[in-house]
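Everything below concerns the one structure shown next.
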Amino acid sequence: MDQKRVGKFIADLRREKNLTQEQLAEILGVNNRSVSRWENGHCMPDLSLLEIIAEELSVSILELLEGRRMKEESATDVTDSMNLILEWANREKKIKAKRVACCFGAGLLCFLLVCLQNRFLLLSYTLGEAGGCFTAKALFALGMIFEMAGFYTNGHDKMLTQKEMEVLLIRKGRAMMKTANEMMQFAGKYQKANPKQYKTVFMEVEKSLEKEEHVLFAALGDSYTRNELPMMWHVVLAVTEKRLIIGGDRMKGMIMVSYMNESVPLCDIISVSSVTAIMGAALILKTEKDELKIEEKNVKIASDIAKEIKKLMCRE
């Protein structure tokens, strides 16, 4: 994906429509400096704007990202890629909205406690007069920090990087990953985690891949059991064209940690589901002989992973 080529394509299409940068910016609800930066190749449009830009300039989203007009048969091969990118953009929007709500909510709670202290000396009853005054000042400062963080988060969009978009655009709406870095980057969209704990496991998965084998989907988990027997911790899932790879670490002796992985042919998996567990949620995969359980942090993550695996198995 060439940003300068995309920018030149946008500029050419805008001129074909006899639009100025100011007019296009007004239609899109952005300022003309943004349009200028796109056309100069300094940055890419926000993913949330791709659909309206493509519609306004009478091209497909794929053509817009490719920076050229394409034959119909070429475009249809990767239509699902566009849907996948937009789906991930919506995911980022939801994450951003949640963070903004948390920041503003925490700030308002701090201000509410300060008001209650000023009006009813609520904090002074429990912390004493000096403690109440000090706590009220600290809460006011903390509230300001939360509110500023909320405004900052609301004003800065977290976009997919050019590398992430390229990974998603490689073939027919599915990532085609080979390296541990790509798998870690992909999995981080579903669940944030300490890279140190999972990177080594993904490196072991990378080593196990055959020459022409690619990972189509990757995710993280907390622990893995087979028929209720604990197998691994810091678990990673990697789905290729023909198998599911489960990797993780386990104790070797008292202090040594070893990394391992095992695989299950996709054709051997009978069912995939998500259930509520004691410590959060779990992804359940059943074969004729075994029940594989991967612990996840919550039901939403487990459900999303199950849904993606079903799609790849063509069982949904």
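As shown in the structure tokens, the chain order sets the letters A, B, ...; within each chain, residues go from 1, and ligands are also counted from 1 in the order they appear.
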
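Backbone DSSP assigns helix (DSSP H, G or I) in range 220-311 of chain A to Leu266, Cys267, Asp268, Val299, Lys300, Ile301, Ala302, Ser303, Asp304, Ile305, Ala306, Lys307, Glu308, Ile309, Lys310 and Lys311 of chain A.
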
Grab the residues selected above and save them as a CSV table (one decimal), in the first residue's frame with all heavy atoms.
chain,number,residue,atom,x,y,z
A,266,LEU,N,-8.1,-29.4,11.6
A,266,LEU,CA,-9.4,-28.7,11.7
A,266,LEU,C,-10.6,-29.7,11.4
A,266,LEU,O,-11.7,-29.6,12.0
A,266,LEU,CB,-9.5,-27.6,10.7
A,266,LEU,CG,-8.6,-26.3,11.0
A,266,LEU,CD1,-8.8,-25.3,9.9
A,266,LEU,CD2,-9.0,-25.7,12.3
A,267,CYS,N,-10.3,-30.7,10.5
A,267,CYS,CA,-11.4,-31.6,10.2
A,267,CYS,C,-11.7,-32.5,11.4
A,267,CYS,O,-12.7,-33.2,11.4
A,267,CYS,CB,-10.9,-32.5,9.0
A,267,CYS,SG,-9.4,-33.4,9.2
A,268,ASP,N,-10.8,-32.6,12.4
A,268,ASP,CA,-11.1,-33.4,13.6
A,268,ASP,C,-11.9,-32.7,14.6
A,268,ASP,O,-12.4,-33.3,15.6
A,268,ASP,CB,-9.8,-33.9,14.2
A,268,ASP,CG,-9.1,-35.0,13.4
A,268,ASP,OD1,-9.7,-35.4,12.4
A,268,ASP,OD2,-8.0,-35.3,13.8
A,299,VAL,N,-16.3,-13.5,28.7
A,299,VAL,CA,-17.1,-14.2,27.7
A,299,VAL,C,-17.0,-13.6,26.3
A,299,VAL,O,-17.0,-14.3,25.3
A,299,VAL,CB,-18.6,-14.3,28.2
A,299,VAL,CG1,-19.5,-14.9,27.1
A,299,VAL,CG2,-18.7,-15.0,29.5
A,300,LYS,N,-16.9,-12.3,26.2
A,300,LYS,CA,-16.8,-11.6,25.0
A,300,LYS,C,-15.6,-12.1,24.2
A,300,LYS,O,-15.7,-12.4,23.0
A,300,LYS,CB,-16.7,-10.1,25.2
A,300,LYS,CG,-16.6,-9.2,23.9
A,300,LYS,CD,-17.8,-9.2,23.1
A,300,LYS,CE,-17.8,-8.1,22.1
A,300,LYS,NZ,-16.7,-8.2,21.1
A,301,ILE,N,-14.5,-12.2,24.8
A,301,ILE,CA,-13.2,-12.6,24.1
A,301,ILE,C,-13.4,-14.0,23.6
A,301,ILE,O,-13.1,-14.4,22.5
A,301,ILE,CB,-12.0,-12.5,25.0
A,301,ILE,CG1,-11.7,-11.0,25.3
A,301,ILE,CG2,-10.8,-13.1,24.4
A,301,ILE,CD1,-10.6,-10.8,26.4
A,302,ALA,N,-13.9,-14.9,24.5
A,302,ALA,CA,-14.1,-16.3,24.2
A,302,ALA,C,-15.1,-16.5,23.0
A,302,ALA,O,-14.9,-17.3,22.1
A,302,ALA,CB,-14.6,-17.1,25.4
A,303,SER,N,-16.2,-15.7,23.1
A,303,SER,CA,-17.2,-15.8,22.0
A,303,SER,C,-16.6,-15.3,20.7
A,303,SER,O,-16.9,-15.9,19.6
A,303,SER,CB,-18.4,-14.9,22.4
A,303,SER,OG,-19.4,-14.9,21.4
A,304,ASP,N,-15.8,-14.2,20.7
A,304,ASP,CA,-15.3,-13.7,19.4
A,304,ASP,C,-14.3,-14.7,18.8
A,304,ASP,O,-14.3,-14.9,17.6
A,304,ASP,CB,-14.5,-12.4,19.7
A,304,ASP,CG,-15.5,-11.2,19.9
A,304,ASP,OD1,-16.7,-11.4,19.7
A,304,ASP,OD2,-15.0,-10.1,20.4
A,305,ILE,N,-13.5,-15.3,19.7
A,305,ILE,CA,-12.5,-16.3,19.2
A,305,ILE,C,-13.2,-17.5,18.6
A,305,ILE,O,-12.9,-18.0,17.5
A,305,ILE,CB,-11.5,-16.7,20.3
A,305,ILE,CG1,-10.7,-15.5,20.7
A,305,ILE,CG2,-10.6,-17.9,19.8
A,305,ILE,CD1,-9.8,-15.8,21.9
A,306,ALA,N,-14.3,-18.0,19.3
A,306,ALA,CA,-15.0,-19.1,18.8
A,306,ALA,C,-15.7,-18.8,17.5
A,306,ALA,O,-15.7,-19.6,16.5
A,306,ALA,CB,-16.1,-19.5,19.8
A,307,LYS,N,-16.2,-17.6,17.3
A,307,LYS,CA,-16.8,-17.2,16.1
A,307,LYS,C,-15.9,-17.2,14.9
A,307,LYS,O,-16.2,-17.7,13.8
A,307,LYS,CB,-17.4,-15.8,16.2
A,307,LYS,CG,-18.2,-15.3,15.0
A,307,LYS,CD,-18.8,-13.9,15.3
A,307,LYS,CE,-19.5,-13.4,14.1
A,307,LYS,NZ,-20.1,-12.0,14.4
A,308,GLU,N,-14.6,-16.7,15.1
A,308,GLU,CA,-13.6,-16.6,14.1
A,308,GLU,C,-13.2,-18.0,13.7
A,308,GLU,O,-13.0,-18.3,12.5
A,308,GLU,CB,-12.4,-15.8,14.5
A,308,GLU,CG,-12.7,-14.3,14.7
A,308,GLU,CD,-13.2,-13.7,13.4
A,308,GLU,OE1,-12.7,-14.1,12.3
A,308,GLU,OE2,-14.0,-12.8,13.4
A,309,ILE,N,-13.0,-18.9,14.7
A,309,ILE,CA,-12.6,-20.3,14.4
A,309,ILE,C,-13.7,-21.0,13.6
A,309,ILE,O,-13.4,-21.7,12.6
A,309,ILE,CB,-12.2,-21.1,15.6
A,309,ILE,CG1,-11.0,-20.4,16.3
A,309,ILE,CG2,-12.0,-22.5,15.4
A,309,ILE,CD1,-10.6,-21.1,17.6
A,310,LYS,N,-14.9,-20.8,13.9
A,310,LYS,CA,-16.0,-21.4,13.2
A,310,LYS,C,-16.0,-20.9,11.7
A,310,LYS,O,-16.3,-21.7,10.8
A,310,LYS,CB,-17.4,-21.0,13.8
A,310,LYS,CG,-17.6,-21.8,15.2
A,310,LYS,CD,-19.0,-21.3,15.7
A,310,LYS,CE,-19.3,-22.0,17.1
A,310,LYS,NZ,-20.5,-21.5,17.6
A,311,LYS,N,-15.8,-19.7,11.5
A,311,LYS,CA,-15.8,-19.1,10.2
A,311,LYS,C,-14.7,-19.8,9.3
A,311,LYS,O,-14.9,-20.2,8.2
A,311,LYS,CB,-15.5,-17.6,10.2
A,311,LYS,CG,-16.6,-16.8,10.6
A,311,LYS,CD,-16.2,-15.3,10.5
A,311,LYS,CE,-17.4,-14.4,11.0
A,311,LYS,NZ,-16.9,-13.0,11.0

| task | Run DSSP on the backbone and give me the residues of range 243-279 of chain A it puts in strand (DSSP E or B), as a list in words. | result | Arg243, Leu244, Ile245, Ile246, Gly247, Gly248, Asp249, Arg250, Met251, Lys252, Met256, Val257, Ser258, Tyr259, Met260, Asn261, Glu262, Ser263, Val264, Pro265, Ser271, Val272, Ser273, Ser274, Val275, Thr276 and Ala277 of chain A

| Residue contacts of range 18-23 of chain A (10 Å, only C-alpha atoms) excluding same-chain residues fewer than 6 positions away, as JSON, numbers by chain | {"A": [11, 12, 29, 30, 31, 32, 33, 34, 35, 36, 39, 57]}

| request: Please provide the set of residues having any atom within 12 Å of range 141-153 of chain A, restricted to only C-alpha atoms, with same-chain residues fewer than 6 positions apart removed, written as a PyMOL selection string. | output: chain A and resi 93+95-115+134-135

| message | If we count only C-alpha atoms and set the cut-off at 8 Å, which residues sit around Lys199 in chain A, ignoring sequence neighbours fewer than 3 positions away in its own chain? Please answer as a PyMOL selection string. | response | chain A and resi 180-181+184+195-196+202-203

| message | Considering only C-alpha atoms, can you say which of A:Leu50, A:Pro230, A:Ile10, A:Arg15 comes closest to Leu28 in chain A? | response |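 Comparing A:Leu50, A:Pro230, A:Ile10, A:Arg15 against Leu28 in chain A, the winner is A:Leu50.
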
| query | A:Gly132, A:Trp38, A:Ala54, A:Gly67: which is nearest Phe120 in chain A, counting only C-alpha atoms? | reply |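 Of A:Gly132, A:Trp38, A:Ala54, A:Gly67, the one nearest Phe120 in chain A is A:Gly132, counting only C-alpha atoms.
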
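Relative to CA of Lys207 in chain A, CA of Ala219 in chain A is found at 17.3 Å.
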
| task | Please measure the separation of CA of Glu51 in chain A and CA of Arg5 in chain A, giving the value in Å to one decimal. | result | 18.4 Å
